[in-house]
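What follows is a short report on a single structure.
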Amino acid sequence: MRELRKQRGLTLEQVGSASGLSANRVGDYKRGMYDVRDMRVRTALCLMKALGTEDIHDLLPDS
């Protein structure tokens, strides 16, 4: 998620605002503090839209 966010030139705040999540929550998902597989479908779709991707795998935590 971080790589995609950086490729798009987006901050955590921008992704949070575009997805309806707080920047802290976006960061928590990015770092794997919350399991993306437990994310609500609506949350995943909002994050995908904010990041400009159609691939849910882009939401997986960075290694």
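Residue numbering restarts at 1 in every chain; chains get A, B, ... in the order shown in the structure tokens, and ligands count up from 1 in that same order.
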
* **Contact residues around stretch 49-60 of chain A with only C-alpha atoms at 6 Å, ignoring same-chain residues under 4 positions, as a PyMOL selection string** => chain A and resi 1+15+18-19

* Could you pull out the alpha helix (DSSP H) residues of chain A from DSSP and send them as a PyMOL selection string? -> chain A and resi 2-7+12-19+23-31+41-51

* Give me, please, the distance in Å between atom CA of A:Arg2 and atom CA of A:Lys30, quoted to one decimal. =>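 For atom CA of A:Arg2 relative to atom CA of A:Lys30, the distance reads 6.5 Å.
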
* Neighbours of A:Gly27 within 10 Å (only C-alpha atoms; same-chain residues fewer than 2 positions away dropped), as a list in words? -> Met1, Arg2, Leu12, Glu13, Val15, Gly16, Ser22, Ala23, Asn24, Arg25, Tyr29, Lys30, Arg31, Gly32, Met33, Tyr34 and Pro61 of chain A

Selected residues, N, CA, C and O atoms, written as an mmCIF file, in the first residue's frame, please.
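Result written to result37.cif:
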```cif
data_model
loop_
_atom_site.group_PDB
_atom_site.id
_atom_site.type_symbol
_atom_site.label_atom_id
_atom_site.label_comp_id
_atom_site.auth_asym_id
_atom_site.auth_seq_id
_atom_site.Cartn_x
_atom_site.Cartn_y
_atom_site.Cartn_z
ATOM 1 N N MET A 1 0.824 -1.182 0.000
ATOM 2 C CA MET A 1 0.000 0.000 0.000
ATOM 3 C C MET A 1 0.872 1.253 0.000
ATOM 4 O O MET A 1 0.571 2.222 -0.691
ATOM 5 N N ARG A 2 1.964 1.218 0.746
ATOM 6 C CA ARG A 2 2.850 2.383 0.825
ATOM 7 C C ARG A 2 3.437 2.725 -0.539
ATOM 8 O O ARG A 2 3.460 3.889 -0.936
ATOM 9 N N LEU A 12 -0.697 10.037 3.751
ATOM 10 C CA LEU A 12 -1.671 9.245 4.510
ATOM 11 C C LEU A 12 -2.937 10.065 4.748
ATOM 12 O O LEU A 12 -4.046 9.539 4.699
ATOM 13 N N GLU A 13 -2.766 11.358 4.992
ATOM 14 C CA GLU A 13 -3.908 12.237 5.228
ATOM 15 C C GLU A 13 -4.808 12.311 3.992
ATOM 16 O O GLU A 13 -6.031 12.289 4.106
ATOM 17 N N VAL A 15 -5.076 10.046 1.560
ATOM 18 C CA VAL A 15 -5.742 8.747 1.379
ATOM 19 C C VAL A 15 -6.864 8.602 2.401
ATOM 20 O O VAL A 15 -7.963 8.164 2.065
ATOM 21 N N GLY A 16 -6.588 9.006 3.636
ATOM 22 C CA GLY A 16 -7.616 8.940 4.662
ATOM 23 C C GLY A 16 -8.824 9.789 4.316
ATOM 24 O O GLY A 16 -9.958 9.336 4.398
ATOM 25 N N SER A 22 -9.388 7.780 9.019
ATOM 26 C CA SER A 22 -8.363 8.668 9.562
ATOM 27 C C SER A 22 -7.004 8.270 8.994
ATOM 28 O O SER A 22 -6.797 7.122 8.592
ATOM 29 N N ALA A 23 -6.092 9.215 8.976
ATOM 30 C CA ALA A 23 -4.730 8.919 8.518
ATOM 31 C C ALA A 23 -4.104 7.843 9.400
ATOM 32 O O ALA A 23 -3.369 6.981 8.909
ATOM 33 N N ASN A 24 -4.414 7.878 10.687
ATOM 34 C CA ASN A 24 -3.875 6.860 11.603
ATOM 35 C C ASN A 24 -4.367 5.466 11.232
ATOM 36 O O ASN A 24 -3.600 4.502 11.251
ATOM 37 N N ARG A 25 -5.646 5.343 10.890
ATOM 38 C CA ARG A 25 -6.198 4.032 10.534
ATOM 39 C C ARG A 25 -5.577 3.530 9.226
ATOM 40 O O ARG A 25 -5.233 2.362 9.102
ATOM 41 N N TYR A 29 -3.425 0.033 8.815
ATOM 42 C CA TYR A 29 -3.617 -0.998 7.789
ATOM 43 C C TYR A 29 -2.325 -1.193 6.995
ATOM 44 O O TYR A 29 -1.924 -2.316 6.702
ATOM 45 N N LYS A 30 -1.673 -0.106 6.659
ATOM 46 C CA LYS A 30 -0.443 -0.162 5.869
ATOM 47 C C LYS A 30 0.635 -0.972 6.592
ATOM 48 O O LYS A 30 1.345 -1.765 5.987
ATOM 49 N N ARG A 31 0.737 -0.768 7.902
ATOM 50 C CA ARG A 31 1.758 -1.463 8.696
ATOM 51 C C ARG A 31 1.336 -2.867 9.114
ATOM 52 O O ARG A 31 2.113 -3.592 9.719
ATOM 53 N N GLY A 32 0.096 -3.238 8.832
ATOM 54 C CA GLY A 32 -0.371 -4.574 9.185
ATOM 55 C C GLY A 32 -0.862 -4.698 10.607
ATOM 56 O O GLY A 32 -1.036 -5.809 11.106
ATOM 57 N N MET A 33 -1.117 -3.575 11.275
ATOM 58 C CA MET A 33 -1.625 -3.631 12.651
ATOM 59 C C MET A 33 -3.044 -4.177 12.689
ATOM 60 O O MET A 33 -3.484 -4.723 13.691
ATOM 61 N N TYR A 34 -3.774 -3.982 11.588
ATOM 62 C CA TYR A 34 -5.088 -4.580 11.408
ATOM 63 C C TYR A 34 -5.004 -5.458 10.180
ATOM 64 O O TYR A 34 -4.401 -5.083 9.181
ATOM 65 N N PRO A 61 -0.233 -5.423 3.486
ATOM 66 C CA PRO A 61 0.869 -4.694 4.126
ATOM 67 C C PRO A 61 2.180 -4.869 3.365
ATOM 68 O O PRO A 61 2.434 -5.912 2.772
#
```

* Counting only C-alpha atoms, figure out which residue out of A:Gln14, A:Glu3, A:Gly9, A:Gly20 gets nearest to A:Ala44. =>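 Smallest distance to A:Ala44 is found for A:Gly20.
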